[in-house]
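Participant: Structure file input08.txt, compact mmCIF, C-alpha atoms, is pasted below:
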```txt
# COMPACT_ATOMS: atom_id res chain seq x y z
CA MET A 29 124.83 75.70 86.02
CA ARG A 30 125.10 78.24 83.21
CA ASP A 31 127.56 81.05 83.47
CA TYR A 32 126.09 84.54 83.88
CA ILE A 33 127.07 88.16 83.89
CA ILE A 34 126.06 90.83 86.37
CA MET A 35 124.67 93.89 84.64
CA THR A 36 123.77 97.19 86.27
CA ASP A 37 123.38 100.84 85.32
CA SER A 38 125.63 103.82 85.88
CA CYS A 39 123.59 104.97 88.85
CA CYS A 40 125.57 102.38 90.84
CA ASP A 41 128.25 105.06 91.35
CA LEU A 42 131.15 102.67 90.81
CA ASN A 43 134.16 104.11 89.01
CA GLN A 44 135.80 102.48 85.99
CA GLN A 45 138.48 100.75 88.05
CA GLU A 46 135.85 99.17 90.33
CA VAL A 47 133.72 98.12 87.33
CA ASP A 48 136.75 96.52 85.69
CA GLU A 49 137.84 94.74 88.87
CA LEU A 50 134.33 93.41 89.45
CA GLY A 51 133.77 92.48 85.81
CA LEU A 52 130.41 94.25 85.67
CA THR A 53 128.50 95.28 82.56
CA VAL A 54 127.30 98.85 83.16
CA LEU A 55 124.70 100.60 81.01
CA PRO A 56 124.96 104.38 81.07
CA LEU A 57 122.18 106.70 82.02
CA SER A 58 122.40 110.14 80.41
CA PHE A 59 122.06 113.76 81.38
CA THR A 60 121.50 116.95 79.45
CA ILE A 61 123.16 120.19 80.48
CA ASP A 62 123.79 123.32 78.43
CA GLY A 63 121.54 121.80 75.74
CA LYS A 64 123.90 118.88 75.15
CA THR A 65 123.33 115.26 76.16
CA TYR A 66 126.14 113.25 77.79
CA LEU A 67 126.43 109.60 78.75
CA ASN A 68 127.12 108.97 82.42
CA THR A 69 129.77 106.28 82.10
CA PRO A 70 131.95 104.92 84.93
CA ASP A 71 135.03 106.48 83.31
CA HIS A 72 133.30 109.90 83.09
CA ALA A 73 134.66 110.22 79.55
CA GLU A 74 132.13 112.81 78.47
CA MET A 75 132.08 114.98 81.62
CA SER A 76 133.73 114.64 85.00
CA PRO A 77 131.66 114.88 88.18
CA GLU A 78 133.67 117.96 89.14
CA GLU A 79 132.74 119.73 85.91
CA PHE A 80 129.11 118.65 86.23
CA PHE A 81 128.75 119.95 89.79
CA ALA A 82 130.56 123.19 88.91
CA LYS A 83 127.99 123.79 86.16
CA ILE A 84 125.11 123.07 88.56
CA ALA A 85 126.65 125.42 91.16
CA ALA A 86 126.88 128.08 88.46
CA GLY A 87 123.12 127.80 87.89
CA GLU A 88 122.95 125.53 84.84
CA ASN A 89 119.86 123.33 84.59
CA SER A 90 120.22 119.61 84.06
CA THR A 91 117.84 116.80 83.23
CA THR A 92 118.49 113.08 83.35
CA ALA A 93 117.30 110.14 81.28
CA ALA A 94 117.09 106.45 82.07
CA ALA A 95 118.84 103.72 80.16
CA ASN A 96 116.30 102.76 77.50
CA VAL A 97 114.85 99.48 76.27
CA GLY A 98 117.07 99.49 73.17
CA GLN A 99 120.25 99.86 75.24
CA PHE A 100 119.23 96.96 77.47
CA ASP A 101 118.12 94.82 74.53
CA GLU A 102 121.45 95.28 72.76
CA ALA A 103 123.53 94.53 75.87
CA MET A 104 121.37 91.56 76.82
CA ARG A 105 121.49 90.09 73.33
CA ARG A 106 125.32 90.32 73.30
CA ALA A 107 125.55 88.43 76.60
CA LEU A 108 123.04 85.78 75.57
CA ASP A 109 124.77 85.31 72.19
CA ALA A 110 127.97 84.66 74.16
CA GLY A 111 126.16 81.89 76.07
CA LYS A 112 125.76 83.85 79.30
CA ASP A 113 122.68 84.27 81.45
CA ILE A 114 122.11 87.70 83.00
CA LEU A 115 121.49 89.04 86.48
CA CYS A 116 120.56 92.70 86.05
CA ILE A 117 120.45 94.99 89.11
CA CYS A 118 118.73 98.31 88.37
CA PHE A 119 118.40 101.76 89.87
CA SER A 120 115.17 102.04 91.92
CA GLY A 121 112.01 101.67 89.87
CA ALA A 122 110.42 104.31 92.11
CA LEU A 123 113.00 106.88 90.96
CA SER A 124 113.65 105.98 87.32
CA THR A 125 112.25 104.03 84.38
CA THR A 126 115.58 102.18 84.05
CA TYR A 127 114.20 99.11 85.87
CA GLN A 128 111.09 99.11 83.67
CA SER A 129 113.24 99.37 80.53
CA ALA A 130 115.31 96.36 81.63
CA CYS A 131 112.14 94.35 82.33
CA ILE A 132 110.69 95.17 78.91
CA ALA A 133 113.94 94.24 77.16
CA ALA A 134 114.14 90.98 79.12
CA GLU A 135 110.58 89.89 78.23
CA ASP A 136 111.63 88.31 74.94
CA TYR A 137 114.44 86.24 76.43
CA GLU A 138 114.95 83.41 78.87
CA ASN A 139 117.58 83.27 81.60
CA ILE A 140 117.49 86.97 82.46
CA TYR A 141 116.79 87.97 86.04
CA VAL A 142 116.03 91.66 86.63
CA VAL A 143 116.15 93.01 90.19
CA ASP A 144 114.86 96.41 91.32
CA SER A 145 117.49 97.56 93.81
CA ARG A 146 114.95 99.91 95.42
CA THR A 147 117.89 102.19 96.07
CA ALA A 148 120.14 104.57 94.20
CA ALA A 149 123.75 105.59 93.90
CA ILE A 150 126.21 103.51 95.88
CA GLY A 151 123.31 101.47 97.32
CA SER A 152 123.00 99.81 93.90
CA GLY A 153 126.77 99.46 93.77
CA ILE A 154 126.78 97.69 97.14
CA LEU A 155 124.21 95.19 95.86
CA ALA A 156 126.24 94.63 92.68
CA GLU A 157 129.41 93.96 94.71
CA TYR A 158 127.49 91.60 97.01
CA ALA A 159 126.05 89.79 93.97
CA LEU A 160 129.51 89.31 92.55
CA ARG A 161 130.78 87.75 95.78
CA CYS A 162 127.82 85.35 95.80
CA ALA A 163 128.34 84.49 92.13
CA GLU A 164 132.02 83.74 92.80
CA GLN A 165 130.88 81.27 95.46
CA GLY A 166 128.78 79.45 92.85
CA MET A 167 125.29 80.80 93.52
CA GLU A 168 123.01 80.42 90.49
CA ALA A 169 121.54 83.55 88.92
CA GLY A 170 117.89 82.81 89.80
CA ALA A 171 118.69 82.05 93.43
CA LEU A 172 120.88 85.15 93.65
CA ALA A 173 118.10 87.35 92.22
CA ALA A 174 115.75 86.07 94.94
CA LEU A 175 118.41 86.69 97.61
CA LEU A 176 119.01 90.24 96.37
CA GLU A 177 115.29 90.98 96.62
CA LYS A 178 115.63 90.21 100.33
CA LYS A 179 119.05 91.82 100.90
CA ARG A 180 118.02 95.11 99.26
CA GLU A 181 115.93 95.77 102.38
CA ASP A 182 119.18 95.91 104.38
CA VAL A 183 120.66 98.76 102.30
CA ARG A 184 120.22 102.23 103.80
CA LEU A 185 121.40 105.51 102.32
CA PHE A 186 121.63 108.73 104.30
```
Let's see the structure in the file written out as structure tokens.
Facilitator:
Amino acid sequence: MRDYIIMTDSCCDLNQQEVDELGLTVLPLSFTIDGKTYLNTPDHAEMSPEEFFAKIAAGENSTTAAANVGQFDEAMRRALDAGKDILCICFSGALSTTYQSACIAAEDYENIYVVDSRTAAIGSGILAEYALRCAEQGMEAGALAALLEKKREDVRLF
């Protein structure tokens, strides 16, 4: 069995400490507010959630952007060059093009499994945490991807 990493995007709503503890690779989505674009990273280095929501409450407009094909390609190539396979769990394809970007980036490589979480926010984070527990128990990446496609139906957000 080849070793693999679990990759996700910043929509998973896990903070930096959780990402570090879980050993996840997280690709940032971005947002534009006040005419400036920021990366949404788990450490909130460019703007804290408190500052973001204060700006929205004050009437500022914001737009968001998915992680793009180039970001996924670069991250995937680094993992593959290190001899790792990849299980990538993405923000819902019905809500963002992040999943599509990951699929396009993965087309040129073997041993990459991309899963549409069909959820957002902490729902994706829950699936990533579950995937990590299964990986620690020795589940192979392909089998885990198939399991996640079933388990995602159990995730509910209110």
Participant: With distances taken over only C-alpha atoms, which of A:Ile150, A:Leu67, A:Val183, A:Leu160 is nearest to Ala93 of chain A?
Facilitator: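 That would be A:Leu67, the residue with the smallest distance to Ala93 of chain A.
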Participant: For a cut-off of 6 Å around (118.8, 86.0, 84.0), file coordinates, pick out all residues using all atoms listed in the file and list them as a PyMOL selection string.
Facilitator: chain A and resi 113-115+139-141
Participant: Emit the selected residues as a compact mmCIF listing (two decimals), in the coordinates of the input, including C-alpha atoms.
Facilitator:
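The resulting file, out.txt, is reproduced below:
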```txt
# COMPACT_ATOMS: atom_id res chain seq x y z
CA ASP A 113 122.68 84.27 81.45
CA ILE A 114 122.11 87.70 83.00
CA LEU A 115 121.49 89.04 86.48
CA ASN A 139 117.58 83.27 81.60
CA ILE A 140 117.49 86.97 82.46
CA TYR A 141 116.79 87.97 86.04
```
Participant: Can you measure atom CA of Gly153 of chain A to atom CA of Asp41 of chain A for me? One decimal in Å is fine.
Facilitator: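 These two atoms are separated by 6.3 Å.
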Participant: Using all atoms listed in the file, which of the listed residues (A:Gly151, A:Gly121, A:Gly63, A:Gly166) sits closest to Glu88 of chain A?
Facilitator: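 Once distances to Glu88 of chain A are computed over all atoms listed in the file, the minimum belongs to A:Gly63.
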Participant: Measuring between only C-alpha atoms, which one of A:Thr91, A:Gln128, A:Glu74, A:Gly170 shows the shortest distance to Asp31 of chain A?
Facilitator: A:Gly170
Participant: Show me as an MDAnalysis selection string the residues that reach within 6 Å of (115.9, 93.2, 76.0), counting only C-alpha atoms and using the file's own coordinates.
Facilitator: chainID A and resid 100:101 104 133:134
Participant: For Val47 of chain A, which residue out of A:Ala156, A:Leu108, A:Ile132, A:Cys162 is the nearest one, using only C-alpha atoms?
Facilitator: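 Smallest separation from Val47 of chain A among the options: A:Ala156.
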Participant: For Leu57 of chain A, list every protein, DNA or RNA residue within 12 Å, evaluated using all atoms listed in the file, and leave out those in the same chain fewer than 6 positions away; present the list as a list in words.
Facilitator: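 In the requested form, the answer reads Thr36, Asp37, Ser38, Cys39, Cys40, Asp41, Thr65, Tyr66, Leu67, Asn68, Thr69, Pro70, His72, Thr91, Thr92, Ala93, Ala94, Ala95, Asn96, Val97, Gln99, Phe100, Cys118, Phe119, Ser124, Thr125, Thr126, Tyr127 and Ser129 of chain A.
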Participant: One decimal, Å: what's the distance from atom CA of Ala149 of chain A over to atom CA of Gly111 of chain A, could you say?
Facilitator: 29.8 Å
Participant: Atom CA of Leu50 of chain A and atom CA of Leu175 of chain A, how far apart in Å?
Facilitator: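 These atoms are spaced 19.1 Å apart.
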Participant: Could you pull the residues within 10 Å of Phe80 of chain A, counting only C-alpha atoms, minus those fewer than 4 positions along the same chain, as a ChimeraX atom specification?
Facilitator: /A:59,61,75-76,84-86,88,90
Participant: Excluding Ala159 of chain A and its own-chain neighbours fewer than 4 positions away, which residues fall within 12 Å of it when counting only C-alpha atoms? Please give them as a PyMOL selection string.
Facilitator: chain A and resi 32-36+50-52+114-117+143+145+152-155+163-177+179-180
Participant: Can you write out the residues you just picked, keeping C-alpha atoms, as a JSON list (two decimals), keeping the file's coordinate frame?
Facilitator:
```
[["chain", "number", "residue", "atom", "x", "y", "z"],
["A", 32, "TYR", "CA", 126.09, 84.54, 83.88],
["A", 33, "ILE", "CA", 127.07, 88.16, 83.89],
["A", 34, "ILE", "CA", 126.06, 90.83, 86.37],
["A", 35, "MET", "CA", 124.67, 93.89, 84.64],
["A", 36, "THR", "CA", 123.77, 97.19, 86.27],
["A", 50, "LEU", "CA", 134.33, 93.41, 89.45],
["A", 51, "GLY", "CA", 133.77, 92.48, 85.81],
["A", 52, "LEU", "CA", 130.41, 94.25, 85.67],
["A", 114, "ILE", "CA", 122.11, 87.70, 83.00],
["A", 115, "LEU", "CA", 121.49, 89.04, 86.48],
["A", 116, "CYS", "CA", 120.56, 92.70, 86.05],
["A", 117, "ILE", "CA", 120.45, 94.99, 89.11],
["A", 143, "VAL", "CA", 116.15, 93.01, 90.19],
["A", 145, "SER", "CA", 117.49, 97.56, 93.81],
["A", 152, "SER", "CA", 123.00, 99.81, 93.90],
["A", 153, "GLY", "CA", 126.77, 99.46, 93.77],
["A", 154, "ILE", "CA", 126.78, 97.69, 97.14],
["A", 155, "LEU", "CA", 124.21, 95.19, 95.86],
["A", 163, "ALA", "CA", 128.34, 84.49, 92.13],
["A", 164, "GLU", "CA", 132.02, 83.74, 92.80],
["A", 165, "GLN", "CA", 130.88, 81.27, 95.46],
["A", 166, "GLY", "CA", 128.78, 79.45, 92.85],
["A", 167, "MET", "CA", 125.29, 80.80, 93.52],
["A", 168, "GLU", "CA", 123.01, 80.42, 90.49],
["A", 169, "ALA", "CA", 121.54, 83.55, 88.92],
["A", 170, "GLY", "CA", 117.89, 82.81, 89.80],
["A", 171, "ALA", "CA", 118.69, 82.05, 93.43],
["A", 172, "LEU", "CA", 120.88, 85.15, 93.65],
["A", 173, "ALA", "CA", 118.10, 87.35, 92.22],
["A", 174, "ALA", "CA", 115.75, 86.07, 94.94],
["A", 175, "LEU", "CA", 118.41, 86.69, 97.61],
["A", 176, "LEU", "CA", 119.01, 90.24, 96.37],
["A", 177, "GLU", "CA", 115.29, 90.98, 96.62],
["A", 179, "LYS", "CA", 119.05, 91.82, 100.90],
["A", 180, "ARG", "CA", 118.02, 95.11, 99.26]]
```
